[in-house]
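Participant: Just input.txt, nothing more (compact mmCIF, C-alpha atoms):
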```txt
# COMPACT_ATOMS: atom_id res chain seq x y z
CA MET X 1 96.28 122.38 86.22
CA SER X 2 94.67 125.03 88.40
CA MET X 3 95.75 124.76 92.02
CA GLU X 4 92.31 125.96 93.11
CA SER X 5 90.39 123.23 91.31
CA ILE X 6 90.12 119.46 91.50
CA PRO X 7 91.53 117.82 88.35
CA VAL X 8 89.42 115.46 86.24
CA ILE X 9 91.23 112.32 85.02
CA ASP X 10 89.57 110.33 82.21
CA PHE X 11 90.52 106.62 82.25
CA ALA X 12 88.69 105.78 79.00
CA GLN X 13 91.89 105.19 77.01
CA PHE X 14 93.96 103.57 79.74
CA GLY X 15 93.62 100.03 78.38
CA ASP X 16 96.29 97.69 79.77
CA GLY X 17 98.62 100.52 80.69
CA THR X 18 101.08 100.09 77.83
CA SER X 19 99.89 102.66 75.26
CA PRO X 20 101.04 106.29 74.87
CA GLU X 21 97.54 107.30 75.97
CA SER X 22 97.91 105.35 79.22
CA GLN X 23 101.26 107.02 79.86
CA ALA X 24 99.65 110.45 79.49
CA ILE X 25 96.76 109.46 81.81
CA SER X 26 99.23 108.15 84.39
CA LYS X 27 101.21 111.38 84.27
CA GLN X 28 98.06 113.45 84.80
CA PHE X 29 96.95 111.21 87.65
CA TYR X 30 100.32 111.39 89.39
CA GLU X 31 100.41 115.19 89.08
CA ALA X 32 96.93 115.42 90.64
CA CYS X 33 98.04 113.20 93.53
CA ARG X 34 101.23 115.21 93.99
CA ASP X 35 99.77 118.71 93.72
CA VAL X 36 96.21 118.43 95.03
CA GLY X 37 95.81 115.00 96.60
CA PHE X 38 92.32 114.72 95.07
CA ALA X 39 90.95 114.03 91.59
CA TYR X 40 87.66 113.30 89.87
CA LEU X 41 87.95 110.00 87.97
CA THR X 42 85.74 109.25 84.96
CA ASN X 43 85.30 106.11 82.85
CA THR X 44 86.31 103.86 85.72
CA GLY X 45 84.41 100.88 84.36
CA ILE X 46 82.02 100.98 87.32
CA PRO X 47 78.61 101.40 85.63
CA GLN X 48 76.62 104.46 86.66
CA GLU X 49 73.58 102.19 86.92
CA SER X 50 75.40 100.19 89.61
CA VAL X 51 76.29 103.40 91.47
CA ASP X 52 72.67 104.55 91.33
CA ASN X 53 71.42 101.17 92.53
CA MET X 54 73.93 101.12 95.40
CA PHE X 55 72.58 104.48 96.57
CA ASN X 56 69.06 103.06 96.34
CA TRP X 57 70.06 100.07 98.47
CA SER X 58 71.74 102.42 100.94
CA ALA X 59 68.56 104.49 101.31
CA ARG X 60 66.54 101.33 101.91
CA LEU X 61 69.01 100.09 104.52
CA PHE X 62 69.14 103.33 106.52
CA GLY X 63 65.38 103.72 106.24
CA LEU X 64 64.87 100.57 108.33
CA PRO X 65 63.79 100.86 111.98
CA LEU X 66 66.71 101.25 114.36
CA GLU X 67 65.99 97.94 116.07
CA VAL X 68 66.34 96.17 112.72
CA LYS X 69 69.57 97.97 111.80
CA ASN X 70 70.99 97.11 115.21
CA GLN X 71 70.69 93.42 114.33
CA ALA X 72 73.70 94.04 112.06
CA THR X 73 75.88 95.49 114.83
CA GLN X 74 78.83 93.69 116.35
CA PRO X 75 81.87 94.48 118.53
CA PRO X 76 85.10 95.36 116.69
CA GLN X 77 87.07 92.40 115.32
CA GLY X 78 90.79 92.56 114.66
CA GLY X 79 90.76 96.34 114.69
CA MET X 80 87.87 96.45 112.19
CA GLN X 81 84.47 97.99 112.85
CA LEU X 82 82.02 96.10 110.66
CA GLY X 83 78.27 96.18 110.20
CA TYR X 84 75.95 98.97 111.27
CA HIS X 85 76.99 101.94 113.42
CA GLY X 86 74.42 104.41 114.65
CA VAL X 87 74.63 108.18 114.82
CA GLY X 88 77.53 109.35 116.96
CA VAL X 89 79.33 105.98 117.24
CA GLU X 90 82.20 107.16 115.06
CA GLN X 91 83.78 110.54 115.83
CA VAL X 92 86.44 111.62 113.36
CA SER X 93 89.66 112.95 114.89
CA GLN X 94 92.89 114.00 113.24
CA MET X 95 96.07 112.34 114.54
CA ILE X 96 94.86 112.40 118.16
CA PHE X 97 95.54 109.27 120.23
CA ASP X 98 95.41 110.47 123.84
CA ALA X 99 92.49 108.74 125.56
CA GLU X 100 91.37 111.78 127.56
CA GLU X 101 91.51 114.09 124.57
CA LEU X 102 89.55 111.61 122.44
CA ALA X 103 86.92 111.30 125.17
CA SER X 104 86.57 115.07 125.23
CA ILE X 105 86.01 115.15 121.46
CA ARG X 106 83.32 112.49 121.67
CA LYS X 107 81.44 114.46 124.31
CA GLY X 108 81.67 117.79 122.46
CA LYS X 109 78.98 119.62 120.56
CA LEU X 110 80.38 118.99 117.09
CA LEU X 111 79.20 115.39 116.97
CA ASP X 112 79.45 113.60 113.63
CA PHE X 113 75.78 113.46 112.71
CA LYS X 114 75.87 110.32 110.57
CA GLU X 115 75.30 106.56 110.55
CA SER X 116 77.19 103.94 108.58
CA PHE X 117 77.30 100.34 107.39
CA GLU X 118 80.65 98.73 106.61
CA ILE X 119 81.93 95.52 105.05
CA VAL X 120 85.32 94.13 104.13
CA ASP X 121 86.09 92.29 100.92
CA GLU X 122 85.08 88.72 101.78
CA THR X 123 87.93 87.22 99.75
CA SER X 124 90.24 88.80 102.33
CA SER X 125 88.10 88.50 105.45
CA ALA X 126 88.14 84.69 105.31
CA ARG X 127 91.93 84.69 105.49
CA ARG X 128 92.01 87.11 108.41
CA GLY X 129 89.28 85.54 110.49
CA LEU X 130 86.86 88.43 109.91
CA LYS X 131 83.22 87.97 109.09
CA ASN X 132 80.82 90.58 107.74
CA ILE X 133 77.50 90.97 109.50
CA TRP X 134 74.38 91.64 107.47
CA PRO X 135 70.75 92.59 108.07
CA PRO X 136 68.46 89.55 107.92
CA GLU X 137 68.14 88.45 104.29
CA GLU X 138 64.34 88.43 104.52
CA ILE X 139 64.43 92.14 105.45
CA LEU X 140 66.58 93.22 102.49
CA PRO X 141 66.62 90.33 100.00
CA GLY X 142 69.43 90.80 97.48
CA PHE X 143 71.28 93.48 99.46
CA ARG X 144 74.25 91.32 100.44
CA GLU X 145 74.81 90.01 96.92
CA PHE X 146 74.58 93.45 95.34
CA GLU X 147 76.93 95.11 97.82
CA LEU X 148 79.55 92.39 97.40
CA ASP X 149 79.30 92.70 93.60
CA TYR X 150 79.71 96.48 93.92
CA CYS X 151 82.73 96.01 96.17
CA GLN X 152 84.24 93.72 93.53
CA ALA X 153 83.66 96.31 90.78
CA CYS X 154 85.62 98.85 92.83
CA ARG X 155 88.34 96.27 93.36
CA VAL X 156 88.64 95.60 89.62
CA PHE X 157 89.11 99.31 88.89
CA GLN X 158 91.65 99.58 91.70
CA MET X 159 93.80 96.73 90.38
CA GLU X 160 93.38 97.14 86.62
CA ARG X 161 93.61 100.92 86.25
CA LEU X 162 94.05 103.01 89.39
CA LEU X 163 97.10 101.38 90.99
CA PRO X 164 98.85 100.69 87.66
CA ALA X 165 98.36 104.34 86.65
CA LEU X 166 99.82 105.51 89.94
CA SER X 167 102.80 103.16 89.57
CA ILE X 168 103.51 104.33 86.02
CA GLY X 169 103.10 107.98 86.95
CA MET X 170 105.66 107.59 89.74
CA GLY X 171 108.18 105.95 87.42
CA LEU X 172 107.74 102.49 88.94
CA ASP X 173 106.92 99.33 87.05
CA LYS X 174 103.23 99.00 86.26
CA ASP X 175 102.55 96.24 88.80
CA PHE X 176 104.47 97.74 91.72
CA PHE X 177 101.49 98.78 93.84
CA ASN X 178 99.45 95.75 92.78
CA ARG X 179 102.09 93.50 94.37
CA HIS X 180 101.39 95.19 97.71
CA HIS X 181 97.58 95.10 97.40
CA ARG X 182 96.97 91.44 96.52
CA ASN X 183 94.89 90.52 99.56
CA ALA X 184 92.03 93.00 99.12
CA GLU X 185 92.55 94.77 102.45
CA ASN X 186 89.69 97.09 101.54
CA LYS X 187 86.51 98.32 103.16
CA LEU X 188 83.27 99.52 101.57
CA ARG X 189 81.23 101.93 103.65
CA LEU X 190 77.70 103.20 103.16
CA LEU X 191 77.20 106.59 104.83
CA HIS X 192 73.98 108.40 105.67
CA TYR X 193 73.83 111.94 107.03
CA PRO X 194 70.27 112.50 108.33
CA GLU X 195 68.31 115.61 107.52
CA GLY X 196 67.92 118.20 110.21
CA PRO X 197 66.83 121.78 110.97
CA VAL X 198 69.21 124.46 109.73
CA GLU X 199 69.53 125.74 113.29
CA ILE X 200 71.32 122.66 114.66
CA PHE X 201 74.02 122.95 111.98
CA GLU X 202 74.34 126.73 112.20
CA SER X 203 74.72 126.58 115.98
CA GLY X 204 77.32 123.83 115.88
CA GLU X 205 75.13 121.49 117.91
CA LYS X 206 75.56 118.94 115.12
CA GLY X 207 78.07 118.54 112.31
CA ARG X 208 78.67 116.11 109.48
CA ILE X 209 82.41 115.31 109.40
CA ALA X 210 85.18 117.57 110.70
CA ALA X 211 88.33 118.21 108.70
CA HIS X 212 90.53 115.12 108.55
CA THR X 213 92.73 113.03 106.28
CA ASP X 214 92.15 109.38 105.40
CA PHE X 215 94.78 106.97 106.59
CA GLY X 216 95.32 104.14 104.08
CA THR X 217 96.51 104.00 100.48
CA GLY X 218 93.60 106.01 99.17
CA THR X 219 89.84 106.35 98.95
CA LEU X 220 87.43 106.07 96.04
CA LEU X 221 84.31 108.07 96.89
CA PHE X 222 80.87 108.17 95.30
CA GLN X 223 78.57 110.97 96.47
CA ASP X 224 74.97 111.91 95.77
CA ASP X 225 73.92 115.31 94.41
CA VAL X 226 73.32 117.02 97.78
CA GLY X 227 76.90 118.25 98.14
CA GLY X 228 78.84 119.31 101.21
CA LEU X 229 82.25 117.72 100.62
CA GLU X 230 85.08 120.26 100.76
CA ILE X 231 88.86 119.87 100.41
CA GLU X 232 91.55 122.10 101.86
CA SER X 233 93.20 124.40 99.35
CA PRO X 234 96.68 123.19 98.31
CA THR X 235 97.93 126.79 98.38
CA GLU X 236 95.96 128.38 101.26
CA PRO X 237 95.83 126.29 104.45
CA GLY X 238 92.50 126.70 106.20
CA LYS X 239 90.61 127.55 103.03
CA PHE X 240 88.27 124.82 101.78
CA ILE X 241 87.13 124.22 98.19
CA PRO X 242 83.76 122.56 97.40
CA ALA X 243 84.06 119.17 95.70
CA ILE X 244 80.90 119.62 93.68
CA PRO X 245 79.23 116.31 92.73
CA ILE X 246 79.80 115.36 89.08
CA ARG X 247 77.52 112.62 87.78
CA GLY X 248 79.54 109.78 86.29
CA ALA X 249 82.68 110.67 88.25
CA ALA X 250 84.14 109.16 91.40
CA ILE X 251 86.47 111.13 93.64
CA PHE X 252 89.87 109.72 94.59
CA ASN X 253 92.05 111.00 97.39
CA ILE X 254 95.45 110.03 98.76
CA GLY X 255 95.68 108.55 102.27
CA ASP X 256 98.26 109.27 104.94
CA LEU X 257 99.96 105.89 104.59
CA LEU X 258 100.60 106.46 100.88
CA MET X 259 101.88 109.97 101.58
CA ARG X 260 104.28 108.48 104.11
CA TRP X 261 105.19 105.68 101.68
CA SER X 262 106.04 108.31 99.04
CA ASN X 263 108.17 110.26 101.55
CA ASP X 264 105.63 113.10 101.24
CA SER X 265 105.95 113.24 97.43
CA LEU X 266 102.20 112.65 97.25
CA LYS X 267 99.71 114.79 99.14
CA SER X 268 97.16 113.58 101.69
CA THR X 269 94.75 116.50 101.75
CA ALA X 270 92.42 117.41 104.60
CA HIS X 271 88.73 117.33 103.74
CA ARG X 272 85.43 117.73 105.53
CA VAL X 273 81.69 117.42 105.01
CA ARG X 274 79.48 120.37 105.90
CA ALA X 275 75.73 120.65 105.79
CA PRO X 276 74.81 122.66 102.67
CA LEU X 277 72.65 125.26 104.41
CA MET X 278 71.74 126.93 101.13
CA LYS X 279 69.89 123.74 100.20
CA ALA X 280 67.50 123.89 103.12
CA ASP X 281 63.93 123.58 101.92
CA GLY X 282 61.10 125.98 102.65
CA ASP X 283 60.69 124.47 106.12
CA GLY X 284 64.30 125.17 107.03
CA ILE X 285 65.35 121.51 106.80
CA VAL X 286 68.78 120.58 105.44
CA PRO X 287 68.32 117.46 103.26
CA GLU X 288 69.86 114.10 104.07
CA ARG X 289 73.05 113.09 102.25
CA PHE X 290 74.41 109.72 101.14
CA SER X 291 77.95 108.80 100.15
CA ILE X 292 79.87 105.58 99.48
CA PRO X 293 83.61 105.50 100.19
CA TYR X 294 85.77 102.53 99.19
CA PHE X 295 88.90 102.52 101.36
CA MET X 296 92.00 100.89 99.89
CA ASN X 297 94.87 99.64 102.05
CA PRO X 298 98.11 97.73 101.49
CA ASP X 299 98.39 94.08 102.46
CA ALA X 300 98.68 93.70 106.24
CA SER X 301 102.24 92.37 105.94
CA THR X 302 103.52 95.36 103.91
CA MET X 303 106.38 97.29 105.48
CA ILE X 304 105.93 100.94 104.60
CA ASP X 305 109.29 102.48 103.74
CA ALA X 306 110.14 105.30 101.33
CA LEU X 307 109.52 104.27 97.71
CA PRO X 308 112.27 104.14 95.10
CA GLY X 309 112.74 107.55 93.51
CA CYS X 310 111.28 109.38 96.53
CA TRP X 311 114.50 109.67 98.52
CA GLY X 312 118.24 109.91 98.01
CA LEU X 313 121.33 111.90 98.93
CA ASP X 314 119.48 115.19 98.52
CA ILE X 315 116.13 113.94 99.86
CA PRO X 316 116.47 112.06 103.16
CA LYS X 317 113.84 109.67 104.39
CA LYS X 318 111.37 111.51 106.64
CA TYR X 319 109.90 108.45 108.35
CA ALA X 320 111.08 105.19 109.88
CA PRO X 321 109.65 102.00 108.34
CA ILE X 322 106.30 101.00 109.80
CA ASP X 323 104.07 97.95 109.53
CA SER X 324 100.94 98.70 107.52
CA GLN X 325 98.57 96.74 109.73
CA ASP X 326 99.79 98.29 112.97
CA TYR X 327 99.52 101.82 111.59
CA ILE X 328 95.98 101.38 110.27
CA LYS X 329 94.76 99.69 113.46
CA LYS X 330 96.04 102.59 115.53
CA ARG X 331 94.32 105.16 113.33
CA ARG X 332 91.02 103.26 113.26
CA ALA X 333 90.96 102.83 117.02
CA ALA X 334 91.02 106.60 117.52
CA PHE X 335 87.75 106.99 115.58
CA TYR X 336 85.54 104.80 117.79
```
Do you think you could lay out the structure here as structure tokens?
Facilitator:
Amino acid sequence: MSMESIPVIDFAQFGDGTSPESQAISKQFYEACRDVGFAYLTNTGIPQESVDNMFNWSARLFGLPLEVKNQATQPPQGGMQLGYHGVGVEQVSQMIFDAEELASIRKGKLLDFKESFEIVDETSSARRGLKNIWPPEEILPGFREFELDYCQACRVFQMERLLPALSIGMGLDKDFFNRHHRNAENKLRLLHYPEGPVEIFESGEKGRIAAHTDFGTGTLLFQDDVGGLEIESPTEPGKFIPAIPIRGAAIFNIGDLLMRWSNDSLKSTAHRVRAPLMKADGDGIVPERFSIPYFMNPDASTMIDALPGCWGLDIPKKYAPIDSQDYIKKRRAAFY
């Protein structure tokens, strides 16, 4: 595996996780998570037609007038920001929790020039008292049903292939991670980065997303063909590698909580989104970009402590045990 490239893991032959082929896939997946922290995943079972249609729905949603989109806005509930969030509402920060420093970031020039729409898995939200908020059905008939179906397709891949492969690759029993992800503590986000003149991106007046790490178990990302996602080199800190869109492939990356859970055996890699200036059209306009991340988190009651095989006499535990829900709430709060 080249340390300057993002591995491609093909799940076509994974099956139920018991075959020699599934063992080889799991080994490859674990090595990608350990060495790079990112991987392209193919043959996930999520139909490309569904991915294409979800991007179409996303474009229709963000193309609505602002006053209509704002009908799907609500205050945070239980540490969760659901529904529509306009440009500049979320400002990504990296492990910064001081109120004054966060306020300074939100007032700076490098504003995250994006808008988003977020839902939680409704099979979990009912148990936790959360409720998704949607645009009026008459405005986007069929949107709610399609997005929930898409969220479920991601969930199926997570539970039937992704988490079992990670468990096997780490030398754990196949269902280890599934036992800690039973309650669908997941979030599906639609992201839209508006188009804009090259000058505002070149000057730093606007940005897309600054370098950061995700903070849960991991993220499954679908991106359009515009490009702009970059990951930090595993061997040269500060150098970023383009994660070029590959049709038919999702991108997976490790989150900070899983890195902590693995006692740093797995790698949570910094990544960013930059405006692809070379794609500006003849009028000097950088095109809009769409992406769809599916954030996966452990059950709220999970106590995160170093996994078996990741510590011992020669490898001490680096972190004290921490409650999953408390950790994720703290990280989310710093973004808004």
Participant: Applying 9 Å and only C-alpha atoms, which residues near Gln71 of chain X remain after dropping the ones on its own chain fewer than 6 positions away? List them as a VMD selection string.
Facilitator: chain X and resid 84 133 to 136
Participant: For Asn253 of chain X, which of X:Ser291, X:Thr213, X:Gln13, X:Gln158 is the closest residue, counting all atoms listed in the file?
Facilitator: X:Thr213
Participant: Taking all atoms listed in the file into account, which of X:Phe62, X:Tyr150, X:Phe11, X:Phe222 comes nearest Lys114 of chain X?
Facilitator: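 Once distances to Lys114 of chain X are computed over all atoms listed in the file, the minimum belongs to X:Phe62.
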Participant: Have a look at atom CA of Lys27 of chain X and atom CA of Ser265 of chain X and let me know their distance in Å, one decimal.
Facilitator: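 Between atom CA of Lys27 of chain X and atom CA of Ser265 of chain X the gap works out to 14.1 Å.
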Participant: Could you state the separation of atom CA of Gly45 of chain X and atom CA of Asp224 of chain X in Å, given to one decimal place?
Facilitator: 18.5 Å
Participant: Would you please work out which residue, of X:Phe117, X:Trp57, X:Phe29, X:Phe143, is nearest to Lys69 of chain X when using only C-alpha atoms?
Facilitator: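 Answer, going by the shortest atom-to-atom distance: X:Phe117.
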Participant: Closest to Tyr30 of chain X among X:Thr42, X:Asn56, X:Asn178, X:Ser262, using all atoms listed in the file?
Facilitator: X:Ser262
Participant: Considering all atoms listed in the file, state which residue in the set X:Ile244, X:Phe290, X:Val273, X:Ile251 is at the smallest distance from Ile9 of chain X.
Facilitator: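 Ranking X:Ile244, X:Phe290, X:Val273, X:Ile251 by distance to Ile9 of chain X, first place goes to X:Ile251.
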Participant: Fewer than 2 positions away in the same chain doesn't count, so skip those; otherwise give me all residues within 10 Å of Glu185 of chain X, counting all atoms listed in the file, as a PDB file with C-alpha atoms, keeping the file's coordinate frame.
Facilitator:
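That gives us selection_1.pdb:
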```
ATOM      1  CA  VAL X 120      85.320  94.130 104.130  1.00  0.00           C
ATOM      2  CA  ASP X 121      86.090  92.290 100.920  1.00  0.00           C
ATOM      3  CA  GLU X 122      85.080  88.720 101.780  1.00  0.00           C
ATOM      4  CA  THR X 123      87.930  87.220  99.750  1.00  0.00           C
ATOM      5  CA  SER X 124      90.240  88.800 102.330  1.00  0.00           C
ATOM      6  CA  SER X 125      88.100  88.500 105.450  1.00  0.00           C
ATOM      7  CA  ARG X 128      92.010  87.110 108.410  1.00  0.00           C
ATOM      8  CA  HIS X 181      97.580  95.100  97.400  1.00  0.00           C
ATOM      9  CA  ARG X 182      96.970  91.440  96.520  1.00  0.00           C
ATOM     10  CA  ASN X 183      94.890  90.520  99.560  1.00  0.00           C
ATOM     11  CA  LYS X 187      86.510  98.320 103.160  1.00  0.00           C
ATOM     12  CA  GLY X 216      95.320 104.140 104.080  1.00  0.00           C
ATOM     13  CA  PHE X 295      88.900 102.520 101.360  1.00  0.00           C
ATOM     14  CA  MET X 296      92.000 100.890  99.890  1.00  0.00           C
ATOM     15  CA  ASN X 297      94.870  99.640 102.050  1.00  0.00           C
ATOM     16  CA  PRO X 298      98.110  97.730 101.490  1.00  0.00           C
ATOM     17  CA  ASP X 299      98.390  94.080 102.460  1.00  0.00           C
ATOM     18  CA  ALA X 300      98.680  93.700 106.240  1.00  0.00           C
ATOM     19  CA  GLN X 325      98.570  96.740 109.730  1.00  0.00           C
TER      20      GLN X 325
END
```
Participant: Dig up all the protein and nucleic acid residues within 12 Å of (75.1, 103.2, 95.1) in the file frame, using all atoms listed in the file, and format them as a ChimeraX atom specification.
Facilitator: /X:46-61,143,146-151,153-154,188-192,221-224,248,250,290-294
Participant: How many Å lie between atom CA of Glu145 of chain X and atom CA of Glu118 of chain X, rounded to one decimal?
Facilitator: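 Value for the atom CA of Glu145 of chain X-atom CA of Glu118 of chain X distance: 14.3 Å.
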Participant: Which residue is closest to Ile139 of chain X? Choose from X:Ala39, X:Ala275, X:Leu162, X:Gly63 and count all atoms listed in the file.
Facilitator: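 Closest candidate: X:Gly63.
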Participant: Just want the 8 Å neighbourhood of Ala243 of chain X, counted on all atoms listed in the file, with same-chain residues fewer than 2 positions away dropped. Output as a count of residues only.
Facilitator: 8
